[in-house]
file structure-v7.csv (CSV, C-alpha atoms)
chain,number,residue,atom,x,y,z
A,1,ASN,CA,150.5,7.6,43.5
A,2,PRO,CA,147.2,6.0,44.7
A,3,VAL,CA,146.5,8.9,47.1
A,4,GLN,CA,146.8,11.7,44.6
A,5,CYS,CA,143.5,13.1,43.4
A,6,VAL,CA,143.2,13.8,39.7
A,7,TYR,CA,140.5,16.2,38.4
A,8,CYS,CA,139.3,16.0,34.9
A,9,GLN,CA,137.7,18.9,32.8
A,10,LEU,CA,135.9,17.4,29.9
A,11,ASP,CA,135.1,19.7,27.0
A,12,ASP,CA,133.5,18.9,23.6
A,13,LYS,CA,136.8,18.0,22.0
A,14,HIS,CA,139.4,18.1,24.7
A,15,CYS,CA,140.1,16.6,28.1
A,16,TYR,CA,142.2,18.4,30.7
A,17,LEU,CA,143.8,16.7,33.8
A,18,MET,CA,144.5,18.7,36.9
A,19,LEU,CA,146.8,17.2,39.6
A,20,ASP,CA,149.4,18.4,42.1
A,21,LYS,CA,152.4,16.7,40.6
A,22,LEU,CA,153.0,14.8,37.3
A,23,VAL,CA,154.4,11.7,39.0
A,24,SER,CA,153.3,9.1,36.5
A,25,ARG,CA,151.6,8.5,33.2
A,26,TYR,CA,147.9,8.7,32.9
A,27,THR,CA,145.4,7.3,30.4
A,28,THR,CA,141.9,8.6,29.7
A,29,ILE,CA,139.3,6.0,28.9
A,30,GLY,CA,135.9,7.0,27.7
A,31,CYS,CA,132.6,5.6,26.4
A,32,SER,CA,129.5,6.9,24.8
A,33,ALA,CA,127.3,9.0,27.1
A,34,THR,CA,124.2,7.0,26.0
A,35,ALA,CA,123.9,3.3,25.2
A,36,ASP,CA,122.2,3.9,21.8
A,37,ARG,CA,125.0,6.1,20.5
A,38,GLN,CA,127.9,4.4,18.7
A,39,PRO,CA,131.3,5.3,19.9
A,40,SER,CA,133.7,7.0,17.5
A,41,LYS,CA,137.0,8.8,17.6
A,42,VAL,CA,139.2,10.9,15.3
A,43,VAL,CA,142.3,9.4,13.8
A,44,GLN,CA,144.8,10.8,11.4
A,45,LEU,CA,145.5,9.4,7.9
A,46,ALA,CA,149.0,10.1,6.7
A,47,ALA,CA,150.4,9.2,3.3
A,48,PHE,CA,154.1,8.7,2.6
A,49,SER,CA,156.3,7.8,-0.4
A,50,SER,CA,160.0,7.5,-1.1
A,51,PRO,CA,161.6,9.9,-3.6
A,52,MET,CA,160.6,9.0,-7.2
A,53,TRP,CA,163.1,8.2,-9.9
A,54,PRO,CA,162.7,7.5,-13.6
A,55,ALA,CA,161.6,4.0,-14.5
A,56,LYS,CA,161.2,3.1,-10.8
A,57,ASP,CA,158.1,1.8,-9.1
A,58,CYS,CA,156.4,4.3,-6.7
A,59,SER,CA,155.1,3.0,-3.4
A,60,ILE,CA,152.5,5.0,-1.5
A,61,ARG,CA,152.0,4.0,2.2
A,62,VAL,CA,149.0,5.2,4.2
A,63,TYR,CA,148.9,5.0,8.0
A,64,CYS,CA,146.0,5.2,10.4
A,65,ILE,CA,147.5,7.1,13.4
A,66,ASP,CA,146.4,8.3,16.8
A,67,ASP,CA,145.4,11.9,16.8
A,68,THR,CA,148.3,12.9,19.0
A,69,ALA,CA,151.7,14.5,18.6
A,70,ASP,CA,153.4,11.2,19.6
A,71,GLY,CA,151.3,9.3,17.1
A,72,ILE,CA,152.5,11.2,14.1
A,73,GLU,CA,156.0,11.7,15.3
A,74,SER,CA,156.5,7.9,15.7
A,75,VAL,CA,155.4,7.3,12.1
A,76,LEU,CA,157.6,10.2,10.9
A,77,ASP,CA,160.6,8.5,12.6
A,78,VAL,CA,159.8,5.1,11.0
A,79,GLU,CA,159.4,6.7,7.5
A,80,GLU,CA,162.6,8.8,7.9
A,81,LYS,CA,164.6,5.6,8.3
A,82,MET,CA,163.0,4.3,5.1
A,83,GLY,CA,163.7,7.5,3.2
A,84,GLY,CA,160.0,8.3,3.1
A,85,CYS,CA,158.4,11.7,2.8
A,86,LEU,CA,155.0,13.0,4.0
A,87,LEU,CA,152.9,13.7,0.9
A,88,GLU,CA,150.2,15.9,2.3
A,89,THR,CA,148.9,17.3,5.6
A,90,PRO,CA,147.6,14.4,7.7
A,91,THR,CA,143.8,14.1,7.2
A,92,PRO,CA,141.4,13.6,10.1
A,93,PHE,CA,139.0,10.7,9.8
A,94,CYS,CA,136.1,9.8,12.1
A,95,LEU,CA,136.5,6.1,12.9
A,96,HIS,CA,133.4,4.4,14.2
A,97,ASP,CA,133.4,1.5,16.7
A,98,ASN,CA,131.4,-0.8,14.4
A,99,LYS,CA,134.1,-3.5,14.0
A,100,GLU,CA,134.4,-2.8,10.3
A,101,THR,CA,137.8,-2.7,8.6
A,102,LEU,CA,139.2,0.5,7.2
A,103,CYS,CA,139.0,0.3,3.4
A,104,LEU,CA,141.5,2.2,1.3
A,105,THR,CA,141.0,2.3,-2.5
A,106,ALA,CA,143.4,3.8,-5.1
A,107,GLU,CA,141.4,5.7,-7.7
A,108,ASP,CA,141.9,8.2,-10.6
A,109,PHE,CA,145.6,7.5,-11.1
A,110,ASP,CA,147.4,8.7,-14.2
A,111,ALA,CA,147.2,6.6,-17.4
A,112,GLU,CA,151.0,6.6,-17.5
A,113,TRP,CA,151.0,4.3,-14.4
A,114,ARG,CA,149.5,1.0,-13.5
A,115,CYS,CA,148.8,-0.4,-10.1
A,116,LYS,CA,150.9,-3.5,-9.4
A,117,VAL,CA,148.8,-4.9,-6.5
A,118,GLU,CA,146.0,-7.4,-7.5
A,119,SER,CA,143.3,-5.4,-5.7
A,120,LYS,CA,143.2,-1.6,-5.8
A,121,THR,CA,141.5,-1.8,-2.3
A,122,GLN,CA,143.6,-2.5,0.8
A,123,GLU,CA,142.2,-3.0,4.3
A,124,ILE,CA,143.5,-2.1,7.8
A,125,PRO,CA,141.8,-4.4,10.4
A,126,PHE,CA,139.4,-2.6,12.7
A,127,TYR,CA,141.2,-3.4,15.9
A,128,HIS,CA,144.5,-2.2,14.5
A,129,ALA,CA,142.9,1.0,13.4
A,130,TRP,CA,140.9,1.6,16.5
A,131,HIS,CA,143.7,0.9,19.0
A,132,CYS,CA,146.5,2.1,16.7
A,133,VAL,CA,148.6,-0.6,18.4
A,134,ASN,CA,151.2,-0.9,15.6
A,135,ASN,CA,152.3,2.3,13.9
A,136,SER,CA,154.3,0.3,11.4
A,137,LEU,CA,151.1,-1.2,10.0
A,138,HIS,CA,149.9,0.5,6.9
A,139,ALA,CA,148.1,0.0,3.5
A,140,ALA,CA,150.5,0.1,0.6
A,141,PHE,CA,149.9,0.8,-3.1
A,142,THR,CA,152.7,0.2,-5.7
A,143,PHE,CA,152.5,1.9,-9.0
A,144,GLN,CA,154.7,1.1,-12.1
A,145,PRO,CA,155.5,3.7,-14.7
A,146,ILE,CA,154.6,2.7,-18.3
A,147,HIS,CA,157.2,5.0,-19.8
A,148,VAL,CA,160.7,5.9,-18.4
A,149,SER,CA,160.0,9.6,-19.0
A,150,VAL,CA,157.1,9.7,-16.5
A,151,ALA,CA,158.0,12.3,-13.9
A,152,LYS,CA,154.8,12.8,-12.0
A,153,LEU,CA,152.1,10.6,-10.3
A,154,THR,CA,148.7,11.9,-9.3
A,155,CYS,CA,146.0,9.7,-7.8
A,156,THR,CA,143.3,9.7,-5.1
A,157,ILE,CA,143.1,7.2,-2.2
A,158,SER,CA,139.6,7.1,-0.8
A,159,VAL,CA,139.2,5.9,2.8
A,160,CYS,CA,136.0,4.7,4.4
A,161,GLN,CA,134.2,2.1,6.5
A,162,MET,CA,131.6,0.3,4.3
A,163,SER,CA,128.5,1.3,6.4
A,164,ARG,CA,129.7,4.9,6.5
A,165,LEU,CA,130.2,5.7,2.8
A,166,ASP,CA,128.8,9.2,3.4
A,167,GLN,CA,131.9,9.9,5.5
A,168,LYS,CA,134.4,8.8,2.9
A,169,ARG,CA,137.6,10.9,2.9
A,170,ALA,CA,139.9,11.4,-0.1
A,171,LEU,CA,143.7,11.7,0.1
A,172,ASN,CA,144.7,13.7,-3.0
A,173,ILE,CA,148.2,12.5,-3.9
A,174,GLU,CA,150.7,14.3,-6.1
A,175,ILE,CA,154.3,13.1,-6.4
A,176,ASN,CA,156.9,14.9,-8.6
A,177,LYS,CA,160.4,13.3,-9.0
A,178,ASN,CA,162.0,16.8,-8.9
A,179,GLU,CA,160.3,17.9,-5.7
A,180,VAL,CA,162.0,17.5,-2.3
A,181,LEU,CA,159.4,17.4,0.5
A,182,ASN,CA,160.0,18.6,4.0
A,183,ARG,CA,158.5,15.9,6.2
A,184,ARG,CA,157.5,18.3,8.9
A,185,SER,CA,156.5,21.4,7.0
A,186,MET,CA,153.0,20.1,6.3
A,187,ILE,CA,152.1,19.1,9.9
A,188,CYS,CA,149.4,21.4,11.2
A,189,ASN,CA,145.8,21.5,12.5
A,190,GLY,CA,146.8,20.5,15.9
A,191,VAL,CA,148.4,17.1,14.9
A,192,VAL,CA,151.7,18.5,16.3
A,193,ASP,CA,151.4,21.5,18.7
A,194,ALA,CA,152.8,24.7,17.4
A,195,THR,CA,155.9,26.0,19.1
A,196,GLY,CA,155.6,28.8,21.6
A,197,PRO,CA,155.1,29.4,25.3
A,198,VAL,CA,152.6,27.2,27.1
A,199,PHE,CA,151.3,30.1,29.2
A,200,ARG,CA,150.9,33.5,27.6
A,201,ILE,CA,149.8,35.6,30.6
A,202,PRO,CA,153.1,37.2,31.7
A,203,LYS,CA,154.4,36.4,35.2
A,204,HIS,CA,154.0,39.9,36.6
A,205,VAL,CA,150.3,39.9,35.4
A,206,ARG,CA,149.7,36.6,37.1
A,207,ILE,CA,151.2,37.8,40.3
A,208,ALA,CA,149.0,40.9,40.3
A,209,LEU,CA,145.9,38.9,39.6
A,210,CYS,CA,146.7,36.5,42.4
A,211,GLU,CA,147.1,39.4,44.8
A,212,TYR,CA,143.7,40.7,43.9
A,213,LEU,CA,141.8,37.4,43.8
A,214,ASP,CA,143.4,35.0,46.2
A,215,PRO,CA,142.2,36.7,49.4
A,216,LEU,CA,138.6,35.9,50.2
A,217,SER,CA,136.3,38.9,49.9
A,218,HIS,CA,133.0,39.4,51.8
A,219,THR,CA,131.5,40.6,48.5
A,220,GLY,CA,132.5,37.4,46.8
A,221,GLN,CA,134.6,39.2,44.2
A,222,ASP,CA,137.6,36.8,44.5
A,223,TRP,CA,138.9,33.6,43.0
A,224,ARG,CA,135.6,31.9,43.6
A,225,MET,CA,133.7,34.3,41.4
A,226,LEU,CA,136.5,33.9,38.8
A,227,ALA,CA,136.0,30.1,38.8
A,228,HIS,CA,132.2,30.6,38.4
A,229,SER,CA,132.7,33.1,35.6
A,230,LEU,CA,135.1,30.7,33.8
A,231,GLN,CA,132.6,27.8,34.4
A,232,VAL,CA,135.1,25.7,36.4
A,233,ASP,CA,133.5,26.2,39.8
A,234,GLY,CA,133.0,22.4,40.0
A,235,TYR,CA,136.6,22.2,41.2
A,236,VAL,CA,136.3,24.8,44.0
A,237,ASP,CA,137.4,22.3,46.7
A,238,TYR,CA,140.5,21.5,44.6
A,239,PHE,CA,141.4,25.2,44.0
A,240,ALA,CA,140.8,25.9,47.7
A,241,SER,CA,143.4,23.3,48.7
A,242,MET,CA,146.1,25.1,46.6
A,243,PRO,CA,148.4,27.8,48.0
A,244,SER,CA,147.1,30.1,45.2
A,245,PRO,CA,143.7,29.2,43.8
A,246,THR,CA,143.9,31.9,41.2
A,247,THR,CA,147.1,30.4,39.7
A,248,HIS,CA,145.4,27.1,39.1
A,249,ILE,CA,142.3,28.6,37.7
A,250,LEU,CA,144.3,30.6,35.3
A,251,ASP,CA,146.4,27.5,34.3
A,252,LEU,CA,143.2,25.7,33.4
A,253,TRP,CA,141.7,28.7,31.6
A,254,GLU,CA,144.9,29.1,29.5
A,255,ALA,CA,144.9,25.5,28.6
A,256,ARG,CA,141.3,25.7,27.4
A,257,ASN,CA,141.6,29.0,25.6
A,258,ARG,CA,144.4,29.1,22.9
A,259,THR,CA,143.0,31.7,20.5
A,260,ASP,CA,144.7,35.0,19.9
A,261,ASP,CA,141.9,37.0,21.5
A,262,SER,CA,141.6,34.9,24.7
A,263,ILE,CA,143.4,37.5,26.9
A,264,ARG,CA,140.9,40.1,25.7
A,265,GLU,CA,138.1,37.7,26.8
A,266,LEU,CA,139.7,37.4,30.2
A,267,TYR,CA,139.7,41.2,30.4
A,268,ARG,CA,136.0,41.3,29.6
A,269,ILE,CA,135.3,38.7,32.3
A,270,LEU,CA,137.2,40.6,34.9
A,271,CYS,CA,135.2,43.8,34.0
A,272,SER,CA,131.9,41.9,34.3
A,273,MET,CA,133.0,40.8,37.8
A,274,GLY,CA,133.4,44.4,38.8
A,275,LEU,CA,137.2,44.0,39.3
A,276,SER,CA,138.3,47.2,37.7
A,277,ASP,CA,141.8,47.0,39.2
A,278,ALA,CA,142.5,43.5,38.1
A,279,ALA,CA,141.0,44.3,34.6
A,280,THR,CA,143.3,47.3,34.3
A,281,VAL,CA,146.3,45.1,34.8
A,282,VAL,CA,145.2,42.8,31.9
A,283,GLU,CA,144.2,45.8,29.8
A,284,THR,CA,147.7,47.3,30.2
A,285,GLU,CA,149.3,44.1,29.0
A,286,ILE,CA,146.9,44.1,26.0
A,287,THR,CA,147.8,47.7,25.1
A,288,ALA,CA,151.5,47.0,25.4
A,289,HIS,CA,151.2,44.4,22.6
A,290,LEU,CA,149.2,46.5,20.1
call {"tool": "encode", "arguments": {"input": "structure-v7.csv", "output": "structure tokens"}}
result
Amino acid sequence: NPVQCVYCQLDDKHCYLMLDKLVSRYTTIGCSATADRQPSKVVQLAAFSSPMWPAKDCSIRVYCIDDTADGIESVLDVEEKMGGCLLETPTPFCLHDNKETLCLTAEDFDAEWRCKVESKTQEIPFYHAWHCVNNSLHAAFTFQPIHVSVAKLTCTISVCQMSRLDQKRALNIEINKNEVLNRRSMICNGVVDATGPVFRIPKHVRIALCEYLDPLSHTGQDWRMLAHSLQVDGYVDYFASMPSPTTHILDLWEARNRTDDSIRELYRILCSMGLSDAATVVETEITAHL
């Protein structure tokens, strides 16, 4: 919709879009704030393997994935069809826009195994890693057991860009033939959002806060002061155009504040604004959950 305005709140690590209706897909595109600063972004490194059996080669596949829920889910789906299992929690990696390939090296593997590939270092081309255009592209290491009785493989796969050796990351791999891995049990740290309600302020509390804050006050103790206190007063015109400015301010605040004590922080902010009645509503909700 070319006439729809989209407002963007840019924090240190997150970007929030505010719009009237979600009528299309949106893409955020960014660049370094200064010309002398090299762009970088966080990707996720995920290692997979198929179940290990005696006297059978073991293949470890490492993917460079977008740091999004869809990114990891798409690879999980591909691996599930191959019978693959996630070996460890996906590891964040800071990828720099220096056009250098992503180098992955197999190290410190058990003496009972030998690496079948000619080179113990594999590479993922920079543009594939940077754009994550093909989630089926990965670096693969195949190990062959020396004895049929071998039941465990441990190794380290180090990942780096050559000019950024100080930022090398290590994937510590351990595979046991008797262990059945749950492919989703290891996903955490924001790679896939935890289940639970999106908005945690109960509806009756929201309604009460809107009744207190939506009407304009000659003292300024209304939604405008709330926006200022929450440091989102740059969107006053947007909030003012909404039927309930307070509702949209609280939506943005909840999206940006996901910690367990965030509602307590809202209570403290309302107290600092001198809105004792509104603060009491929030305090009652906090007390009810103690």
call {"tool": "closest_residue", "arguments": {"input": "structure-v7.csv", "among": "A:Glu100, A:Asp57, A:Asp12, A:Glu112", "to": "Ala129 of chain A", "atoms": "only C-alpha atoms"}}
result
A:Glu100
call {"tool": "closest_residue", "arguments": {"input": "structure-v7.csv", "among": "A:Met18, A:Cys8, A:Ala278, A:Cys85", "to": "Met242 of chain A", "atoms": "only C-alpha atoms"}}
result
A:Met18
call {"tool": "atom_distance", "arguments": {"input": "structure-v7.csv", "atom1": "atom CA of Pro202 of chain A", "atom2": "atom CA of Trp223 of chain A"}}
result
18.5 Å
call {"tool": "residues_around", "arguments": {"input": "structure-v7.csv", "residues": "Arg25 of chain A", "least_positions_apart": "4", "cutoff": "12 Å", "atoms": "only C-alpha atoms", "output": "list in words"}}
result
Asn1, Val6, Leu17, Leu19 and Lys21 of chain A
call {"tool": "closest_residue", "arguments": {"input": "structure-v7.csv", "among": "A:Pro145, A:Gly84, A:Pro51, A:Pro125", "to": "Asp110 of chain A", "atoms": "all atoms listed in the file"}}
result
A:Pro145
call {"tool": "closest_residue", "arguments": {"input": "structure-v7.csv", "among": "A:Leu76, A:Val159, A:Ala47, A:Val205", "to": "Thr89 of chain A", "atoms": "only C-alpha atoms"}}
result
A:Ala47
call {"tool": "atom_distance", "arguments": {"input": "structure-v7.csv", "atom1": "atom CA of Cys132 of chain A", "atom2": "atom CA of Ile65 of chain A"}}
result
6.1 Å
call {"tool": "atom_distance", "arguments": {"input": "structure-v7.csv", "atom1": "atom CA of Phe93 of chain A", "atom2": "atom CA of Trp130 of chain A"}}
result
11.5 Å
call {"tool": "residues_around", "arguments": {"input": "structure-v7.csv", "residues": "segment 261-267 of chain A", "least_positions_apart": "3", "cutoff": "6 Å", "atoms": "all atoms listed in the file", "output": "list in words"}}
result
Asn257, Leu270, Ala279 and Val282 of chain A
call {"tool": "closest_residue", "arguments": {"input": "structure-v7.csv", "among": "A:Ser272, A:Arg169, A:Glu80, A:Gln9", "to": "Asp233 of chain A", "atoms": "all atoms listed in the file"}}
result
A:Gln9
call {"tool": "residues_around", "arguments": {"input": "structure-v7.csv", "residues": "Gln161 of chain A", "least_positions_apart": "2", "cutoff": "7 Å", "atoms": "only C-alpha atoms", "output": "list of chain:residue names"}}
result
A:Glu100, A:Thr101, A:Leu102, A:Cys103, A:Ser163, A:Arg164, A:Leu165
call {"tool": "residues_around", "arguments": {"input": "structure-v7.csv", "residues": "Asp11 of chain A", "least_positions_apart": "5", "cutoff": "12 Å", "atoms": "all atoms listed in the file", "output": "mmCIF file with C-alpha atoms, in the coordinates of the input"}}
result
data_model
loop_
_atom_site.group_PDB
_atom_site.id
_atom_site.type_symbol
_atom_site.label_atom_id
_atom_site.label_comp_id
_atom_site.auth_asym_id
_atom_site.auth_seq_id
_atom_site.Cartn_x
_atom_site.Cartn_y
_atom_site.Cartn_z
ATOM 1 C CA TYR A 16 142.200 18.400 30.700
ATOM 2 C CA LEU A 17 143.800 16.700 33.800
ATOM 3 C CA GLN A 231 132.600 27.800 34.400
ATOM 4 C CA VAL A 232 135.100 25.700 36.400
ATOM 5 C CA LEU A 252 143.200 25.700 33.400
ATOM 6 C CA ALA A 255 144.900 25.500 28.600
ATOM 7 C CA ARG A 256 141.300 25.700 27.400
ATOM 8 C CA ASN A 257 141.600 29.000 25.600
#
call {"tool": "closest_residue", "arguments": {"input": "structure-v7.csv", "among": "A:Val42, A:Leu137, A:Leu95, A:Leu104", "to": "Val78 of chain A", "atoms": "only C-alpha atoms"}}
result
A:Leu137
call {"tool": "residues_near_point", "arguments": {"input": "structure-v7.csv", "point": "(151.9, 45.1, 27.8)", "cutoff": "12 Å", "atoms": "only C-alpha atoms", "output": "ChimeraX atom specification"}}
result
/A:200-205,263,280-290
call {"tool": "write_last_selection", "arguments": {"input": "structure-v7.csv", "atoms": "C-alpha atoms", "output": "mmCIF file, in the coordinates of the input"}}
result
data_model
loop_
_atom_site.group_PDB
_atom_site.id
_atom_site.type_symbol
_atom_site.label_atom_id
_atom_site.label_comp_id
_atom_site.auth_asym_id
_atom_site.auth_seq_id
_atom_site.Cartn_x
_atom_site.Cartn_y
_atom_site.Cartn_z
ATOM 1 C CA ARG A 200 150.900 33.500 27.600
ATOM 2 C CA ILE A 201 149.800 35.600 30.600
ATOM 3 C CA PRO A 202 153.100 37.200 31.700
ATOM 4 C CA LYS A 203 154.400 36.400 35.200
ATOM 5 C CA HIS A 204 154.000 39.900 36.600
ATOM 6 C CA VAL A 205 150.300 39.900 35.400
ATOM 7 C CA ILE A 263 143.400 37.500 26.900
ATOM 8 C CA THR A 280 143.300 47.300 34.300
ATOM 9 C CA VAL A 281 146.300 45.100 34.800
ATOM 10 C CA VAL A 282 145.200 42.800 31.900
ATOM 11 C CA GLU A 283 144.200 45.800 29.800
ATOM 12 C CA THR A 284 147.700 47.300 30.200
ATOM 13 C CA GLU A 285 149.300 44.100 29.000
ATOM 14 C CA ILE A 286 146.900 44.100 26.000
ATOM 15 C CA THR A 287 147.800 47.700 25.100
ATOM 16 C CA ALA A 288 151.500 47.000 25.400
ATOM 17 C CA HIS A 289 151.200 44.400 22.600
ATOM 18 C CA LEU A 290 149.200 46.500 20.100
#
